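Q: A single structure is presented below for examination.
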Amino acid sequence: MFRSVQWRIAVPFILLIVVSMGILGVYLTSFARNSQLDNLRSHLEKEARITAEASLLAFLSQGSDLDALAKKLGEQIDARITIIALDGKVLGDSQEDPSTMENHATRPEVKDALVSGLGKSTRYSTTVEQEMMYVAVPITNQGKILGVARVALPLVAVQHSVNQITLIISLAMVTTTLLAIVAAGLIARATTRPIREITKASRRIASGELGQKIPVRTKDETGQLAQAFNEMSSDLNKLVGDISTERTKLRTVLANMADGVIMADAEGKIVLANQATERLFNIREKDVITKHLIEVLRDHEAHEILKLCLKTTRTQTVQFDSVASKRFLRAIAIPIVEGKLTGALLLFQDLTELRNLQTMRRELVGNISHELRTPIAGIKAMVETLKDGAIDDKQAATDFLSRIDSEVDRLAQMVSELTELSRIETGKAELRMTPVDINVLIEEVATQLSPLAERQQVTLATNLATDLPIIKADNDRIRQTIINLVHNAIKFNHPGGRATVSTKVDRESVTVSVSDTGIGISKEDLPHVFERFYKADKARPKGGSGLGLAIAKHTIQAHGGSIWAQSEEGKGSTFSFSLPLKVTPDASNP
């Protein structure tokens, strides 16, 4: 209870009210008692002086019965009256027999009356056995004291009156105290209401319910507090919204970046990793947070540039073959400095494809140079021979011109294939989509290449599905693709070998396969057979530009299909491609 501000405010006020009312009650009770006693004393003093005047007449009339006078006066004024001689002997008493009463010379009120003219005393009376108030005055005649007249009343009435007053005061105090407690509680509750509302609203904000508002009921400090809270809540809501928007933007950027991003703290521990990093290094962000970079990547080069970046607070760059990702990477470490160094940002760029492209470009230039050098050198040599006089030899000149024509055709074919490959790769080759019967194409190609198969002593066979549907495709380009595959199956076969062209269909595509029993392709060379100018030394011992399979791959891909190869060195190869039964939206316009 005392943890509540309401009760911390109310309880001190309640205690103050209770203590104050208690003190006030004691004071009022005491004041009432004393007031009653003072009134009683004043009343008894008047009655004592009247009794003294009456007793004086009895003293002056020798033989008067003072005891009878005392009893008569006591009955009239309803009080105990005692008439006492100077020596303390009781001469008359309204309630007792004077002869049986002891000497009163030692009574304090009697002594004071004889000395000062007025005596007062409140004490327990052994005669009547109760608390009494006594007032005594001297009986004088012309300055001479004849005796003492004493009037007494029991304090029972006074005490009863005081008790009634005390009860009234107590009831008033209790009622006032209860009302004051209730009022203090209500006032404290009303005073602390904005604090409770702020507390509830703050808890809602803490649970994520932003934009909380509380009513402003007053213009005092609590009202100003409520207004300040509302302004703070509004600003906080806007700030969190801005932060959330920026965080969403950052997450979107990080999630869609092709480059891997890792953020590390000043100790080199990972605090953030984007999705590209997860894919690149085959890790999960939640598993690597708070771990050191070297524990996660196990790449010495990345760890070293991070250390150097944190040490020098300068950007560091390195390119290396990553053991963790098995890729060629460029790593850039950028220090994060906000007053002091708080960490570093690492950017991992995958340069594998770029390096491969550079390698392919160099190889392409080298292959083209090599492919062009031989026929050009032959043509130049034959031209020089003709210029040196061989032109006069008609037979030699005819042979040289025939060979030059053959080499020029070879060069033209190579240029044509390069042009065709470039157009297909760049999407500039328009496919003329028409209904095509693949089985008919294969029969035509088999008929066309049968003489070549006979010369190579290779059996050319077909195994065609009878339920093959008509598909939409570029008839000429698919025909050329089949020719390239069958031609290779014949050219790279053994004498007495076999080349088989087969077809099959499923619910989504038509598949064409060309199998041979030739020399096969090694595992190292097989992934590269569809690259431009690629020739395996063992698998491609015979002539050719090395562009046929590359053109075939891009032609099939332009149709929305796929092409692949299976081979075992020394046991033959199978080249297959599939074409979709339904033309894709971009297949007719790659």
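So you can find residues: chains in the structure tokens are A, B, ... in the order shown, residues in each start at 1, and ligands are numbered from 1 in order.
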Please return as an MDAnalysis selection string: the residues of region 148-194 of chain A that backbone DSSP assigns to alpha helix (DSSP H).
A: chainID A and resid 156:194
Q: Please produce a file of those selected residues containing N, CA, C and O atoms, as a short mmCIF file (atom, residue, chain, number, x, y, z; two decimals), in the first residue's frame.
A:
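The resulting part31.cif:
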data_model
loop_
_atom_site.label_atom_id
_atom_site.label_comp_id
_atom_site.auth_asym_id
_atom_site.auth_seq_id
_atom_site.Cartn_x
_atom_site.Cartn_y
_atom_site.Cartn_z
N VAL A 156 -19.40 13.97 41.68
CA VAL A 156 -20.06 13.01 40.79
C VAL A 156 -20.79 13.73 39.67
O VAL A 156 -20.71 13.38 38.49
N ALA A 157 -21.49 14.78 40.01
CA ALA A 157 -22.24 15.53 39.01
C ALA A 157 -21.30 16.19 38.01
O ALA A 157 -21.55 16.22 36.79
N VAL A 158 -20.23 16.75 38.59
CA VAL A 158 -19.24 17.39 37.70
C VAL A 158 -18.64 16.37 36.75
O VAL A 158 -18.49 16.60 35.55
N GLN A 159 -18.29 15.20 37.33
CA GLN A 159 -17.68 14.16 36.50
C GLN A 159 -18.66 13.67 35.43
O GLN A 159 -18.28 13.41 34.29
N HIS A 160 -19.95 13.57 35.81
CA HIS A 160 -20.96 13.15 34.85
C HIS A 160 -21.07 14.16 33.70
O HIS A 160 -21.14 13.80 32.52
N SER A 161 -21.08 15.43 34.08
CA SER A 161 -21.15 16.49 33.07
C SER A 161 -19.92 16.46 32.17
O SER A 161 -20.02 16.59 30.94
N VAL A 162 -18.77 16.28 32.84
CA VAL A 162 -17.51 16.22 32.06
C VAL A 162 -17.52 15.01 31.13
O VAL A 162 -17.08 15.07 29.98
N ASN A 163 -18.06 13.88 31.62
CA ASN A 163 -18.12 12.67 30.79
C ASN A 163 -19.01 12.89 29.57
O ASN A 163 -18.70 12.41 28.47
N GLN A 164 -20.12 13.58 29.78
CA GLN A 164 -21.01 13.86 28.65
C GLN A 164 -20.31 14.74 27.62
O GLN A 164 -20.38 14.52 26.40
N ILE A 165 -19.63 15.76 28.13
CA ILE A 165 -18.89 16.65 27.21
C ILE A 165 -17.80 15.88 26.48
O ILE A 165 -17.58 16.04 25.27
N THR A 166 -17.11 15.00 27.26
CA THR A 166 -16.04 14.19 26.66
C THR A 166 -16.59 13.28 25.56
O THR A 166 -15.99 13.12 24.49
N LEU A 167 -17.77 12.68 25.84
CA LEU A 167 -18.39 11.81 24.84
C LEU A 167 -18.75 12.59 23.58
O LEU A 167 -18.49 12.14 22.46
N ILE A 168 -19.33 13.78 23.80
CA ILE A 168 -19.71 14.61 22.64
C ILE A 168 -18.46 15.00 21.84
O ILE A 168 -18.44 14.92 20.60
N ILE A 169 -17.43 15.42 22.58
CA ILE A 169 -16.18 15.81 21.91
C ILE A 169 -15.58 14.62 21.17
O ILE A 169 -15.09 14.73 20.03
N SER A 170 -15.60 13.42 21.82
CA SER A 170 -15.03 12.22 21.19
C SER A 170 -15.78 11.86 19.91
O SER A 170 -15.17 11.55 18.89
N LEU A 171 -17.13 11.89 20.00
CA LEU A 171 -17.92 11.59 18.81
C LEU A 171 -17.64 12.59 17.69
O LEU A 171 -17.51 12.22 16.52
N ALA A 172 -17.56 13.85 18.09
CA ALA A 172 -17.25 14.88 17.09
C ALA A 172 -15.87 14.66 16.48
O ALA A 172 -15.68 14.81 15.26
N MET A 173 -14.91 14.29 17.36
CA MET A 173 -13.56 14.04 16.87
C MET A 173 -13.51 12.85 15.92
O MET A 173 -12.88 12.91 14.86
N VAL A 174 -14.18 11.76 16.33
CA VAL A 174 -14.18 10.56 15.49
C VAL A 174 -14.83 10.86 14.14
O VAL A 174 -14.32 10.49 13.08
N THR A 175 -15.98 11.53 14.19
CA THR A 175 -16.69 11.86 12.95
C THR A 175 -15.83 12.76 12.07
O THR A 175 -15.68 12.55 10.86
N THR A 176 -15.27 13.79 12.71
CA THR A 176 -14.42 14.72 11.95
C THR A 176 -13.20 14.00 11.38
O THR A 176 -12.79 14.24 10.23
N THR A 177 -12.61 13.10 12.20
CA THR A 177 -11.43 12.36 11.75
C THR A 177 -11.76 11.47 10.55
O THR A 177 -11.01 11.42 9.56
N LEU A 178 -12.89 10.74 10.65
CA LEU A 178 -13.29 9.87 9.54
C LEU A 178 -13.55 10.67 8.27
O LEU A 178 -13.13 10.29 7.17
N LEU A 179 -14.27 11.80 8.45
CA LEU A 179 -14.52 12.65 7.28
C LEU A 179 -13.22 13.19 6.70
O LEU A 179 -13.04 13.26 5.48
N ALA A 180 -12.31 13.56 7.62
CA ALA A 180 -11.02 14.08 7.16
C ALA A 180 -10.21 13.00 6.44
O ALA A 180 -9.55 13.26 5.43
N ILE A 181 -10.29 11.73 6.96
CA ILE A 181 -9.57 10.62 6.32
C ILE A 181 -10.13 10.37 4.92
O ILE A 181 -9.39 10.21 3.94
N VAL A 182 -11.48 10.33 4.85
CA VAL A 182 -12.11 10.12 3.54
C VAL A 182 -11.75 11.25 2.59
O VAL A 182 -11.40 11.03 1.41
N ALA A 183 -11.81 12.47 3.11
CA ALA A 183 -11.46 13.63 2.27
C ALA A 183 -10.01 13.57 1.82
O ALA A 183 -9.70 13.85 0.65
N ALA A 184 -9.13 13.20 2.77
CA ALA A 184 -7.70 13.11 2.41
C ALA A 184 -7.48 12.04 1.35
O ALA A 184 -6.71 12.25 0.40
N GLY A 185 -8.19 10.88 1.52
CA GLY A 185 -8.06 9.83 0.51
C GLY A 185 -8.56 10.27 -0.84
O GLY A 185 -7.92 10.02 -1.87
N LEU A 186 -9.73 10.93 -0.86
CA LEU A 186 -10.28 11.39 -2.13
C LEU A 186 -9.41 12.45 -2.77
O LEU A 186 -9.18 12.44 -4.00
N ILE A 187 -8.93 13.37 -1.94
CA ILE A 187 -8.06 14.43 -2.48
C ILE A 187 -6.77 13.82 -3.03
O ILE A 187 -6.29 14.19 -4.11
N ALA A 188 -6.18 12.87 -2.25
CA ALA A 188 -4.94 12.22 -2.70
C ALA A 188 -5.19 11.44 -3.98
O ALA A 188 -4.37 11.44 -4.90
N ARG A 189 -6.37 10.76 -4.04
CA ARG A 189 -6.69 10.00 -5.25
C ARG A 189 -6.86 10.92 -6.45
O ARG A 189 -6.37 10.64 -7.54
N ALA A 190 -7.59 12.03 -6.22
CA ALA A 190 -7.78 12.98 -7.33
C ALA A 190 -6.46 13.61 -7.74
O ALA A 190 -6.21 13.84 -8.93
N THR A 191 -5.61 13.88 -6.74
CA THR A 191 -4.32 14.51 -7.04
C THR A 191 -3.42 13.56 -7.82
O THR A 191 -2.69 13.99 -8.73
N THR A 192 -3.47 12.26 -7.46
CA THR A 192 -2.57 11.29 -8.11
C THR A 192 -3.18 10.64 -9.34
O THR A 192 -2.55 9.77 -9.94
N ARG A 193 -4.42 11.01 -9.70
CA ARG A 193 -5.05 10.39 -10.88
C ARG A 193 -4.20 10.57 -12.14
O ARG A 193 -4.00 9.59 -12.89
N PRO A 194 -3.70 11.78 -12.44
CA PRO A 194 -2.85 11.90 -13.63
C PRO A 194 -1.63 11.00 -13.58
O PRO A 194 -1.20 10.47 -14.62
#
Q: Among region 280-490 of chain A, which ones does DSSP place in strand (DSSP E or B), written as number ranges by chain?
A: A: 292, 316-321, 328-338, 340-350, 433-436, 459-463, 471-474
Q: May I have a table of the residues of region 155-270 of chain A lying at most 9 Å from region 310-313 of chain A, giving each one's closest pair of atoms and their distance in Å to one decimal, counting only C-alpha atoms, ordered by chain and ascending residue number, as JSON lines?
A:
{"residue": "A:Ala266", "atom": "CA", "partner": "A:Leu310", "partner_atom": "CA", "distance": 6.8}
{"residue": "A:Glu267", "atom": "CA", "partner": "A:Leu310", "partner_atom": "CA", "distance": 8.5}
{"residue": "A:Gly268", "atom": "CA", "partner": "A:Leu310", "partner_atom": "CA", "distance": 8.1}
Q: Quick check, in Å to one decimal: how far apart do CA of Lys144 (chain A) and CA of Leu66 (chain A) lie?
A: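 Computing the Euclidean distance for CA of Lys144 (chain A) and CA of Leu66 (chain A) yields 18.6 Å.
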